$ cat input_8.cif   # mmCIF, C-alpha atoms
data_my_file
#
loop_
_atom_site.label_atom_id
_atom_site.label_comp_id
_atom_site.auth_asym_id
_atom_site.auth_seq_id
_atom_site.Cartn_x
_atom_site.Cartn_y
_atom_site.Cartn_z
CA MET S 1 95.94 -148.77 91.07
CA GLY S 2 95.97 -145.04 90.37
CA LEU S 3 96.48 -142.26 92.86
CA PHE S 4 92.78 -141.91 93.71
CA GLY S 5 91.97 -145.60 93.84
CA LYS S 6 91.17 -146.59 90.25
CA LYS S 7 92.97 -147.62 87.11
CA ASN S 8 95.00 -144.72 85.77
CA ARG S 9 93.30 -142.94 82.86
CA ARG S 10 92.48 -139.46 81.61
CA ALA S 11 89.44 -137.20 81.83
CA VAL S 12 87.90 -134.51 79.63
CA VAL S 13 85.45 -131.91 80.96
CA VAL S 14 83.34 -129.55 78.88
CA GLY S 15 81.62 -126.70 80.71
CA LEU S 16 78.61 -124.86 79.28
CA ASP S 17 78.18 -121.75 81.37
CA GLY S 18 74.61 -121.07 82.43
CA VAL S 19 72.94 -123.90 80.51
CA PRO S 20 69.90 -125.26 82.38
CA HIS S 21 68.95 -128.92 82.46
CA SER S 22 65.45 -128.01 81.30
CA LEU S 23 66.83 -126.31 78.18
CA VAL S 24 69.05 -129.29 77.32
CA GLU S 25 66.01 -131.54 77.56
CA LYS S 26 64.08 -129.27 75.19
CA LEU S 27 66.90 -128.83 72.67
CA THR S 28 67.60 -132.53 72.50
CA THR S 29 63.91 -133.42 72.20
CA ASP S 30 63.43 -130.85 69.43
CA GLY S 31 66.40 -132.18 67.46
CA ALA S 32 68.31 -128.89 67.67
CA THR S 33 71.40 -130.44 69.27
CA PRO S 34 72.04 -133.94 67.87
CA HIS S 35 75.38 -134.47 69.63
CA LEU S 36 73.87 -133.64 73.01
CA ALA S 37 70.97 -135.91 72.12
CA GLU S 38 73.42 -138.73 71.45
CA LEU S 39 74.94 -138.24 74.91
CA GLY S 40 71.47 -138.25 76.46
CA GLN S 41 70.61 -141.52 74.75
CA ALA S 42 73.74 -143.14 76.19
CA SER S 43 73.17 -141.83 79.73
CA PRO S 44 70.52 -139.43 81.04
CA PHE S 45 71.34 -135.80 81.78
CA ALA S 46 71.14 -135.10 85.51
CA ARG S 47 69.53 -132.04 87.00
CA MET S 48 72.07 -130.54 89.40
CA THR S 49 72.02 -128.06 92.29
CA VAL S 50 74.86 -125.54 92.65
CA THR S 51 76.31 -123.58 95.52
CA LEU S 52 75.04 -120.12 96.44
CA PRO S 53 75.11 -117.41 95.26
CA GLU S 54 74.30 -119.01 91.90
CA ILE S 55 76.96 -117.19 89.87
CA SER S 56 80.03 -118.28 87.92
CA ALA S 57 82.54 -116.77 90.35
CA VAL S 58 81.23 -119.13 93.03
CA SER S 59 80.08 -122.18 91.09
CA TRP S 60 83.23 -122.87 89.09
CA PRO S 61 85.52 -122.92 92.15
CA SER S 62 82.93 -125.17 93.82
CA PHE S 63 83.23 -127.57 90.90
CA ALA S 64 87.03 -127.42 90.74
CA THR S 65 87.63 -127.87 94.48
CA GLY S 66 84.67 -130.05 95.41
CA LEU S 67 83.89 -127.65 98.25
CA ASN S 68 81.22 -125.09 99.02
CA PRO S 69 82.29 -121.44 99.42
CA GLY S 70 82.99 -122.00 103.11
CA GLY S 71 85.71 -124.43 102.00
CA HIS S 72 87.19 -122.54 99.03
CA GLY S 73 86.66 -118.94 100.15
CA VAL S 74 84.87 -117.29 97.19
CA PHE S 75 81.38 -115.91 97.84
CA GLY S 76 80.97 -113.59 94.84
CA PHE S 77 82.59 -111.54 92.10
CA THR S 78 83.20 -108.83 94.71
CA GLU S 79 84.12 -108.57 98.38
CA LEU S 80 84.86 -105.73 100.77
CA LYS S 81 88.45 -104.68 101.20
CA ALA S 82 89.61 -105.61 104.69
CA GLY S 83 88.70 -103.01 107.28
CA THR S 84 86.65 -100.88 104.86
CA TYR S 85 83.38 -100.71 102.96
CA ASP S 86 85.24 -100.39 99.66
CA VAL S 87 84.45 -103.09 97.12
CA ARG S 88 87.12 -105.12 95.29
CA PHE S 89 86.94 -107.84 92.64
CA THR S 90 87.83 -111.36 93.68
CA SER S 91 90.54 -113.27 91.80
CA SER S 92 92.30 -116.61 91.64
CA ALA S 93 94.13 -115.66 94.84
CA ASP S 94 90.81 -115.88 96.70
CA VAL S 95 90.40 -119.58 95.86
CA LYS S 96 91.96 -121.04 99.01
CA ALA S 97 91.49 -124.76 98.33
CA PRO S 98 93.32 -127.00 95.80
CA THR S 99 91.61 -127.50 92.46
CA ILE S 100 91.42 -130.67 90.39
CA TRP S 101 94.49 -129.61 88.43
CA ASP S 102 96.36 -128.59 91.59
CA ARG S 103 95.82 -132.04 93.05
CA LEU S 104 96.85 -133.76 89.83
CA GLY S 105 99.90 -131.52 89.48
CA ARG S 106 101.17 -132.61 92.87
CA VAL S 107 101.63 -136.11 91.48
CA ARG S 108 103.05 -134.91 88.15
CA LYS S 109 99.86 -135.20 86.16
CA ARG S 110 99.48 -132.55 83.48
CA ALA S 111 96.36 -130.46 82.91
CA VAL S 112 94.94 -128.16 80.26
CA VAL S 113 92.30 -125.73 81.55
CA ILE S 114 90.70 -123.32 79.09
CA ASN S 115 88.40 -120.47 80.11
CA GLN S 116 87.31 -121.43 83.61
CA PRO S 117 86.12 -118.35 85.54
CA SER S 118 87.84 -117.36 88.79
CA THR S 119 91.29 -118.43 87.54
CA TYR S 120 92.58 -114.91 86.77
CA PRO S 121 95.36 -114.01 87.05
CA ALA S 122 96.57 -117.36 85.78
CA ASP S 123 98.79 -119.24 88.22
CA ALA S 124 101.63 -121.51 87.23
CA ILE S 125 100.32 -124.96 86.36
CA ASN S 126 101.76 -128.31 85.36
CA GLY S 127 100.38 -127.88 81.85
CA SER S 128 98.49 -124.91 80.36
CA LEU S 129 95.92 -122.55 81.85
CA VAL S 130 93.86 -119.95 79.99
CA ALA S 131 91.83 -117.99 82.53
CA GLY S 132 88.18 -117.12 82.03
CA PHE S 133 86.35 -113.93 82.95
CA VAL S 134 86.85 -111.58 84.71
CA ALA S 135 90.27 -111.28 82.99
CA VAL S 136 91.31 -107.72 82.20
CA ASP S 137 94.86 -108.37 80.90
CA PHE S 138 95.32 -110.98 78.16
CA ASP S 139 98.92 -111.73 79.11
CA ARG S 140 98.14 -112.26 82.78
CA ALA S 141 95.36 -114.67 81.80
CA ILE S 142 97.61 -117.27 80.18
CA MET S 143 100.24 -119.67 81.46
CA PRO S 144 102.84 -120.61 80.41
CA PRO S 145 103.90 -117.31 78.79
CA PRO S 146 104.91 -118.77 75.38
CA LEU S 147 101.28 -119.77 74.83
CA ARG S 148 100.18 -116.13 74.69
CA ALA S 149 101.54 -115.42 71.21
CA LYS S 150 100.00 -118.58 69.80
CA LEU S 151 96.56 -117.77 71.15
CA ARG S 152 96.79 -114.24 69.79
CA ALA S 153 97.66 -115.67 66.38
CA LEU S 154 94.58 -117.93 66.63
CA GLY S 155 92.37 -114.91 67.31
CA TYR S 156 91.51 -116.10 70.81
CA GLU S 157 89.17 -113.83 72.81
CA ILE S 158 88.49 -114.28 76.51
CA ASP S 159 84.93 -112.96 76.36
CA VAL S 160 82.50 -110.85 74.39
CA ASP S 161 82.39 -107.12 75.16
CA THR S 162 79.64 -107.40 77.75
CA VAL S 163 79.08 -103.63 77.97
CA LYS S 164 78.62 -103.05 74.25
CA CYS S 165 76.84 -106.35 73.59
CA ARG S 166 74.20 -105.59 76.20
CA GLU S 167 72.92 -102.84 73.89
CA ASP S 168 74.14 -104.00 70.47
CA HIS S 169 72.80 -107.47 69.72
CA ASP S 170 74.22 -107.49 66.19
CA LEU S 171 77.66 -107.18 67.80
CA LEU S 172 76.67 -109.83 70.34
CA GLN S 173 75.88 -112.33 67.60
CA LYS S 174 79.17 -111.65 65.85
CA GLN S 175 81.24 -111.94 69.03
CA LEU S 176 79.45 -115.05 70.28
CA LEU S 177 80.50 -116.86 67.12
CA SER S 178 84.04 -115.46 67.09
CA THR S 179 84.74 -116.29 70.75
CA LEU S 180 83.44 -119.81 70.27
CA ALA S 181 85.62 -120.20 67.17
CA GLY S 182 88.63 -119.08 69.20
CA ARG S 183 87.77 -121.50 71.99
CA ARG S 184 87.58 -124.33 69.43
CA LYS S 185 90.96 -123.40 67.90
CA ALA S 186 92.61 -123.16 71.32
CA ALA S 187 91.23 -126.56 72.33
CA GLU S 188 92.41 -128.13 69.08
CA HIS S 189 95.88 -126.60 69.40
CA LEU S 190 96.39 -127.65 73.02
CA TRP S 191 94.93 -131.11 72.40
CA GLU S 192 97.47 -131.74 69.68
CA ASN S 193 100.49 -129.98 71.19
CA GLU S 194 100.22 -130.42 74.96
CA GLU S 195 100.71 -133.59 76.92
CA TRP S 196 97.79 -133.85 79.28
CA ASP S 197 96.08 -136.10 81.78
CA TYR S 198 93.18 -133.72 82.42
CA PHE S 199 91.60 -131.49 79.76
CA GLU S 200 88.89 -128.91 80.51
CA VAL S 201 87.30 -126.25 78.32
CA VAL S 202 84.43 -123.93 79.28
CA VAL S 203 82.09 -122.14 76.85
CA THR S 204 81.02 -118.77 78.28
CA GLY S 205 78.93 -117.59 75.35
CA THR S 206 75.92 -119.65 76.38
CA ASP S 207 75.60 -117.53 79.52
CA ARG S 208 75.91 -114.34 77.47
CA LEU S 209 73.27 -115.51 74.99
CA HIS S 210 70.87 -116.24 77.83
CA HIS S 211 71.37 -112.92 79.59
CA TYR S 212 70.79 -110.86 76.46
CA LEU S 213 68.62 -113.07 74.24
CA TRP S 214 66.75 -115.50 76.48
CA ASP S 215 63.48 -114.19 75.06
CA ALA S 216 64.75 -114.84 71.54
CA LEU S 217 65.73 -118.38 72.44
CA ALA S 218 62.35 -119.06 74.04
CA GLU S 219 60.09 -117.45 71.43
CA GLU S 220 60.01 -118.99 67.95
CA THR S 221 58.58 -115.78 66.46
CA HIS S 222 61.43 -113.62 67.76
CA PRO S 223 63.58 -112.22 64.90
CA ARG S 224 66.75 -113.53 66.55
CA HIS S 225 65.41 -117.00 67.36
CA ALA S 226 67.08 -118.52 64.29
CA PHE S 227 70.44 -117.16 65.41
CA CYS S 228 69.98 -118.67 68.88
CA LEU S 229 69.46 -122.09 67.30
CA GLU S 230 72.41 -121.49 64.98
CA TYR S 231 74.63 -120.68 67.95
CA TYR S 232 73.47 -123.75 69.85
CA ALA S 233 74.15 -125.85 66.77
CA GLU S 234 77.76 -124.60 66.87
CA VAL S 235 78.03 -125.28 70.61
CA ASP S 236 76.59 -128.75 70.01
CA ARG S 237 79.13 -129.39 67.26
CA PHE S 238 81.94 -128.40 69.61
CA VAL S 239 80.61 -130.76 72.30
CA GLY S 240 80.52 -133.53 69.71
CA GLU S 241 84.11 -132.82 68.70
CA MET S 242 85.34 -132.91 72.29
CA PHE S 243 83.41 -136.10 73.04
CA ALA S 244 84.85 -137.81 69.96
CA ARG S 245 88.37 -136.78 70.95
CA ALA S 246 87.85 -138.07 74.49
CA ARG S 247 86.46 -141.36 73.22
CA ASP S 248 89.36 -141.85 70.81
CA ALA S 249 91.84 -141.04 73.58
CA GLY S 250 90.22 -143.50 75.98
CA ALA S 251 89.41 -140.67 78.38
CA ALA S 252 86.35 -140.29 80.58
CA PHE S 253 84.04 -137.49 79.45
CA TYR S 254 81.99 -135.11 81.58
CA LEU S 255 79.73 -132.18 80.76
CA LEU S 256 78.34 -129.65 83.20
CA SER S 257 76.93 -126.18 83.64
CA ASP S 258 77.51 -123.91 86.63
CA HIS S 259 73.90 -122.78 87.10
CA GLY S 260 70.57 -122.71 85.33
CA PHE S 261 68.64 -119.88 83.69
CA CYS S 262 65.13 -118.48 83.35
CA GLY S 263 63.48 -115.32 82.04
CA VAL S 264 63.56 -111.93 83.79
CA GLU S 265 60.56 -109.69 84.44
CA ARG S 266 61.98 -107.21 86.95
CA GLU S 267 65.18 -106.45 88.79
CA ALA S 268 64.80 -106.02 92.55
CA TYR S 269 67.37 -104.01 94.50
CA LEU S 270 68.15 -105.33 97.97
CA ASN S 271 70.03 -102.27 99.22
CA THR S 272 67.13 -100.01 98.22
CA TRP S 273 64.74 -102.27 100.14
CA LEU S 274 67.06 -102.29 103.17
CA GLU S 275 67.24 -98.49 103.03
CA GLN S 276 63.49 -98.05 102.73
CA GLU S 277 62.89 -100.46 105.63
CA GLY S 278 65.32 -98.64 107.91
CA PHE S 279 68.15 -101.20 107.98
CA LEU S 280 70.55 -99.13 105.86
CA ALA S 281 71.44 -95.44 105.99
CA PHE S 282 73.97 -93.17 104.32
CA ASP S 283 75.80 -90.03 105.38
CA GLY S 284 75.36 -86.83 103.42
CA GLY S 285 72.37 -88.03 101.43
CA LYS S 286 74.54 -90.10 99.06
CA ASN S 287 73.43 -93.69 98.59
CA ASP S 288 75.67 -94.71 95.68
CA SER S 289 78.57 -96.15 97.69
CA LEU S 290 78.91 -98.28 100.80
CA ALA S 291 81.83 -96.00 101.72
CA ALA S 292 79.14 -93.43 102.68
CA LEU S 293 77.38 -95.92 104.93
CA ALA S 294 76.15 -94.30 108.14
CA ALA S 295 76.96 -95.60 111.59
CA GLY S 296 73.33 -96.47 112.29
CA THR S 297 73.22 -99.05 109.51
CA ARG S 298 72.18 -102.52 110.62
CA ALA S 299 72.61 -104.39 107.32
CA PHE S 300 73.80 -104.01 103.73
CA ALA S 301 73.95 -106.16 100.60
CA LEU S 302 76.60 -107.19 98.09
CA ASP S 303 75.85 -108.50 94.62
CA PRO S 304 73.97 -110.40 93.67
CA ASN S 305 71.88 -111.50 96.66
CA ARG S 306 74.09 -111.47 99.76
CA ILE S 307 73.05 -109.67 102.95
CA TYR S 308 75.49 -108.84 105.77
CA VAL S 309 74.66 -107.61 109.25
CA ASN S 310 76.74 -104.55 110.17
CA VAL S 311 78.20 -106.09 113.32
CA ALA S 312 80.13 -103.98 115.84
CA GLY S 313 83.80 -104.99 115.87
CA LYS S 314 83.55 -106.70 112.47
CA TYR S 315 82.98 -103.65 110.29
CA PRO S 316 84.40 -100.13 110.70
CA ARG S 317 81.05 -98.51 111.50
CA GLY S 318 79.32 -101.60 112.78
CA THR S 319 76.55 -100.95 115.31
CA VAL S 320 74.76 -104.28 115.80
CA ARG S 321 75.88 -106.11 118.93
CA PRO S 322 76.70 -109.79 118.32
CA GLY S 323 73.88 -110.83 120.62
CA ASP S 324 71.37 -108.91 118.48
CA VAL S 325 72.35 -110.41 115.10
CA ALA S 326 69.75 -113.17 115.21
CA ALA S 327 66.95 -110.67 115.81
CA VAL S 328 68.08 -108.47 112.92
CA LEU S 329 68.24 -111.46 110.59
CA ALA S 330 64.78 -112.60 111.63
CA GLU S 331 63.38 -109.13 110.96
CA ILE S 332 65.00 -108.96 107.50
CA LYS S 333 63.85 -112.45 106.63
CA GLN S 334 60.27 -111.74 107.67
CA GLY S 335 60.20 -108.55 105.62
CA LEU S 336 61.68 -110.05 102.47
CA LEU S 337 59.40 -113.07 102.54
CA ALA S 338 56.47 -110.65 102.59
CA LEU S 339 57.82 -108.59 99.67
CA SER S 340 55.59 -108.68 96.60
CA HIS S 341 55.26 -107.02 93.20
CA ASN S 342 51.87 -106.74 91.51
CA GLY S 343 50.54 -109.33 93.92
CA ARG S 344 53.30 -111.84 93.28
CA PRO S 345 55.76 -112.92 96.01
CA VAL S 346 59.34 -112.01 95.13
CA VAL S 347 61.43 -114.17 97.44
CA ARG S 348 61.41 -117.94 97.15
CA LYS S 349 63.88 -118.94 99.87
CA ILE S 350 66.29 -117.31 102.30
CA PHE S 351 69.29 -119.27 103.52
CA HIS S 352 71.24 -118.53 106.69
CA ARG S 353 75.00 -118.81 106.41
CA ASP S 354 75.30 -121.93 108.51
CA GLU S 355 72.66 -123.71 106.40
CA ILE S 356 74.74 -123.61 103.21
CA TYR S 357 78.38 -123.05 104.18
CA ASP S 358 80.89 -125.05 106.16
CA GLY S 359 84.65 -125.02 106.26
CA PRO S 360 87.45 -122.72 107.37
CA TYR S 361 86.14 -119.67 105.49
CA ALA S 362 82.44 -120.00 106.28
CA ALA S 363 82.52 -117.08 108.72
CA ASN S 364 83.52 -114.79 105.83
CA GLY S 365 80.29 -115.51 104.00
CA PRO S 366 77.09 -113.47 103.96
CA ASP S 367 74.68 -113.78 106.85
CA LEU S 368 71.80 -114.39 104.42
CA VAL S 369 71.55 -115.48 100.79
CA VAL S 370 68.23 -114.55 99.21
CA VAL S 371 66.83 -116.64 96.35
CA ALA S 372 64.08 -115.09 94.25
CA HIS S 373 61.17 -116.63 92.44
CA PRO S 374 61.82 -116.98 88.70
CA GLY S 375 61.45 -113.61 87.00
CA PHE S 376 62.77 -111.44 89.83
CA ASP S 377 66.50 -110.83 89.45
CA LEU S 378 67.93 -109.75 92.79
CA LYS S 379 70.72 -107.17 92.74
CA ALA S 380 72.60 -105.17 95.34
CA HIS S 381 73.03 -102.10 93.12
CA LEU S 382 73.30 -98.81 94.99
CA GLY S 383 71.77 -95.48 94.09
CA LYS S 384 68.41 -96.89 92.96
CA ALA S 385 65.35 -94.84 93.89
CA GLU S 386 62.90 -97.74 93.73
CA VAL S 387 63.07 -101.39 94.72
CA PHE S 388 61.85 -102.65 91.33
CA ALA S 389 62.86 -101.66 87.82
CA GLU S 390 62.74 -102.95 84.29
CA THR S 391 65.97 -104.31 82.80
CA ASN S 392 67.37 -104.80 79.33
CA LEU S 393 68.57 -108.25 80.37
CA THR S 394 66.17 -111.03 79.41
CA GLY S 395 67.59 -113.94 81.44
CA MET S 396 68.62 -114.58 85.06
CA HIS S 397 70.35 -117.38 86.96
CA THR S 398 68.75 -120.25 88.86
CA TYR S 399 70.50 -122.51 91.37
CA ASP S 400 68.66 -125.82 91.05
CA ASP S 401 68.46 -126.44 87.30
CA ALA S 402 72.10 -126.88 86.27
CA VAL S 403 73.01 -129.88 84.12
CA PHE S 404 75.55 -132.70 84.46
CA TRP S 405 76.39 -135.64 82.24
CA SER S 406 78.70 -138.60 82.66
CA ALA S 407 78.72 -142.08 81.15
CA GLU S 408 77.96 -143.51 84.57
CA PRO S 409 74.80 -141.96 86.06
CA PRO S 410 75.72 -139.72 89.01
CA PRO S 411 74.33 -140.06 92.52
CA ALA S 412 70.74 -138.99 93.05
CA ASP S 413 70.36 -135.32 93.96
CA VAL S 414 73.80 -134.57 92.56
CA GLU S 415 75.39 -131.27 93.58
CA ILE S 416 78.21 -129.40 91.90
CA THR S 417 80.50 -130.10 94.87
CA ASP S 418 80.24 -133.84 94.11
CA LEU S 419 81.93 -133.56 90.74
CA ALA S 420 85.61 -133.09 91.61
CA ASP S 421 85.74 -136.47 93.34
CA LEU S 422 83.89 -138.10 90.44
CA VAL S 423 86.50 -136.77 88.02
CA LEU S 424 89.48 -137.59 90.24
CA ALA S 425 88.24 -141.16 90.70
CA ASN S 426 89.57 -141.81 87.19
CA TYR S 427 93.20 -141.46 88.28
#

$ encode --input "input_8.cif" --output "structure tokens"
Amino acid sequence: MGLFGKKNRRAVVVGLDGVPHSLVEKLTTDGATPHLAELGQASPFARMTVTLPEISAVSWPSFATGLNPGGHGVFGFTELKAGTYDVRFTSSADVKAPTIWDRLGRVRKRAVVINQPSTYPADAINGSLVAGFVAVDFDRAIMPPPLRAKLRALGYEIDVDTVKCREDHDLLQKQLLSTLAGRRKAAEHLWENEEWDYFEVVVTGTDRLHHYLWDALAEETHPRHAFCLEYYAEVDRFVGEMFARARDAGAAFYLLSDHGFCGVEREAYLNTWLEQEGFLAFDGGKNDSLAALAAGTRAFALDPNRIYVNVAGKYPRGTVRPGDVAAVLAEIKQGLLALSHNGRPVVRKIFHRDEIYDGPYAANGPDLVVVAHPGFDLKAHLGKAEVFAETNLTGMHTYDDAVFWSAEPPPADVEITDLADLVLANY
């Protein structure tokens, strides 16, 4: 018997960032992705719910650890620096629970992990690790160090230039194809040259395509629709290659996304709403930094949809007494549920911290997580004069339309936190 109770074998995981179950169903039905269709004929794709907030920085650690953010410690791409209102980026050091490859490494199993978010800077691993975004230094993204030169020679890129590609969609198309080609070359190299028991590779470009060209993907008359199908054909070919390799190696195969996607109509700014409703105030008339937050503030938001009560004793200029937190939360919740735009309700659900988080780090999480109706992309951006604004993004995340595939159908109502144990059951 293997370590986790079954016959010892290997596992391969392919991640498709931001690919919704509903889109996979459409692409496979339309014949656009024959390799995915072949998987779906063998075993149905499952619609999966992910942890909140529904972003890569949270979802991928939830997959890798099998825990919600209260168990692994990551609640977003950013957090406040201790004892201040200054914002910092989270990193691999913020993932406080062992991952699949950590647990396998403890029993001398080797892993290859390519491009999973929230693994930067890359930690030492029994195998090879290539961190995903946000990774600002190529060398610090790759372990072991000798692998860096090889990946450079292969033309490996961690991500597209998200700033330039947001405006320049010709560049986006070029970089989507080049980053996918680099991902394919890295996977092929490490498959052939690394001894492994666990092999994982994540495609990030699908998320980028959806943010910038969701309308093109959805509308057959859009001038970039043909490219969207071309890109998905390349992604599909890569999935087929990885599945064939797994099958030939006698390894279990899994495919998942970290959240779903839908179209965007408006961005909605939570901090602007909190300011207009009297929950948030700034000193000196400046509202572009939480560092200027005034002492009378009762609540503030962090991206993308996290609301925190400014509790006395917890934050430097906290004014809300612990006994009054529940009343503040109720007032915010009532106001947001009544928020509308052109007669349409904006907020779909609001979750209290203790409804969605448990574990040793749950108290570090937001007091509320706000989930919008499709089309309203919630942000915590500061310095916005109005609550609603148009955006040049065309797609936004959803939390309950992620996709999962395995040869054995997963449990009903599968959640992303179920997957680590499913994978580890192979060993």

$ closest_atom_pairs --input "input_8.cif" --of "range 352-419 of chain S" --to "range 255-261 of chain S" --cutoff "6 Å" --atoms "only C-alpha atoms" --output "Markdown table"
| residue | atom | partner | partner_atom | distance |
| --- | --- | --- | --- | --- |
| S:Met396 | CA | S:Phe261 | CA | 5.5 |
| S:His397 | CA | S:Phe261 | CA | 4.5 |
| S:Thr398 | CA | S:Gly260 | CA | 4.7 |
| S:Tyr399 | CA | S:His259 | CA | 5.5 |
| S:Asp401 | CA | S:Gly260 | CA | 4.7 |
| S:Ala402 | CA | S:Gly260 | CA | 4.5 |
| S:Val403 | CA | S:Ser257 | CA | 5.4 |
| S:Phe404 | CA | S:Leu256 | CA | 4.3 |
| S:Trp405 | CA | S:Leu255 | CA | 5.0 |

$ closest_residue --input "input_8.cif" --among "S:Lys384, S:Ala181, S:Arg344, S:Gly323" --to "Gln276 in chain S" --atoms "only C-alpha atoms"
S:Lys384

$ resolve_selection --input "input_8.cif" --expression "the PyMOL selection byres ((chain S and resi 341) around 10)" --output "list in words"
Arg266, Ala268, Leu339, Ser340, Asn342, Gly343, Arg344, Pro345, Val346, Phe376, Val387 and Phe388 of chain S

$ residues_around --input "input_8.cif" --residues "Gly73 in chain S" --least-positions-apart "4" --cutoff "8 Å" --atoms "all atoms listed in the file" --output "list in words"
Pro69, Asp94, Val95, Lys96, Ala97, Tyr361, Ala362 and Asn364 of chain S

$ resolve_selection --input "input_8.cif" --expression "the PyMOL selection byres ((chain S and resi 12) around 6)" --output "list in words"
Ala11, Val13, Phe199, Glu200 and Phe253 of chain S

$ closest_residue --input "input_8.cif" --among "S:Leu104, S:Ala64, S:Gln41, S:Gly383" --to "Asn426 in chain S" --atoms "all atoms listed in the file"
S:Leu104

$ atom_distance --input "input_8.cif" --atom1 "CA of Asp17 in chain S" --atom2 "CA of Ile114 in chain S"
12.8 Å

$ resolve_selection --input "input_8.cif" --expression "the PyMOL selection byres ((chain S and resi 139-151) around 7)" --output "JSON, numbers by chain"
{"S": [120, 121, 122, 123, 124, 128, 129, 130, 131, 135, 137, 138, 152, 153, 154, 155, 156, 186]}

$ residues_near_point --input "input_8.cif" --point "(79.0, -106.2, 74.0)" --cutoff "12 Å" --atoms "only C-alpha atoms" --output "list in words"
Asp159, Val160, Asp161, Thr162, Val163, Lys164, Cys165, Arg166, Glu167, Asp168, His169, Asp170, Leu171, Leu172, Gln173, Lys174, Gln175, Leu176, Gly205, Arg208, Leu209, His211 and Tyr212 of chain S

$ build_atoms --input "input_8.cif" --residues "range 349-362 of chain S" --atoms "N, CA and C atoms" --output "CSV table (one decimal), in the coordinates of the input"
chain,number,residue,atom,x,y,z
S,349,LYS,N,63.2,-118.4,98.7
S,349,LYS,CA,63.9,-118.9,99.9
S,349,LYS,C,64.9,-118.0,100.4
S,350,ILE,N,65.2,-118.1,101.7
S,350,ILE,CA,66.3,-117.3,102.3
S,350,ILE,C,67.1,-118.3,103.1
S,351,PHE,N,68.4,-118.3,102.8
S,351,PHE,CA,69.3,-119.3,103.5
S,351,PHE,C,70.2,-118.5,104.5
S,352,HIS,N,70.3,-119.0,105.7
S,352,HIS,CA,71.2,-118.5,106.7
S,352,HIS,C,72.6,-119.1,106.4
S,353,ARG,N,73.6,-118.4,106.7
S,353,ARG,CA,75.0,-118.8,106.4
S,353,ARG,C,75.3,-120.2,106.8
S,354,ASP,N,74.9,-120.6,108.0
S,354,ASP,CA,75.3,-121.9,108.5
S,354,ASP,C,74.5,-123.0,107.9
S,355,GLU,N,73.4,-122.7,107.1
S,355,GLU,CA,72.7,-123.7,106.4
S,355,GLU,C,73.4,-124.2,105.1
S,356,ILE,N,74.2,-123.3,104.5
S,356,ILE,CA,74.7,-123.6,103.2
S,356,ILE,C,76.3,-123.6,103.2
S,357,TYR,N,76.9,-123.1,104.2
S,357,TYR,CA,78.4,-123.0,104.2
S,357,TYR,C,79.0,-123.8,105.4
S,358,ASP,N,80.1,-124.5,105.1
S,358,ASP,CA,80.9,-125.0,106.2
S,358,ASP,C,82.3,-125.1,105.7
S,359,GLY,N,83.2,-125.1,106.6
S,359,GLY,CA,84.6,-125.0,106.3
S,359,GLY,C,85.4,-123.8,106.9
S,360,PRO,N,86.6,-123.7,106.7
S,360,PRO,CA,87.4,-122.7,107.4
S,360,PRO,C,87.1,-121.3,107.0
S,361,TYR,N,86.4,-121.0,105.9
S,361,TYR,CA,86.1,-119.7,105.5
S,361,TYR,C,84.7,-119.3,105.6
S,362,ALA,N,83.9,-120.2,106.2
S,362,ALA,CA,82.4,-120.0,106.3
S,362,ALA,C,82.1,-118.7,107.0
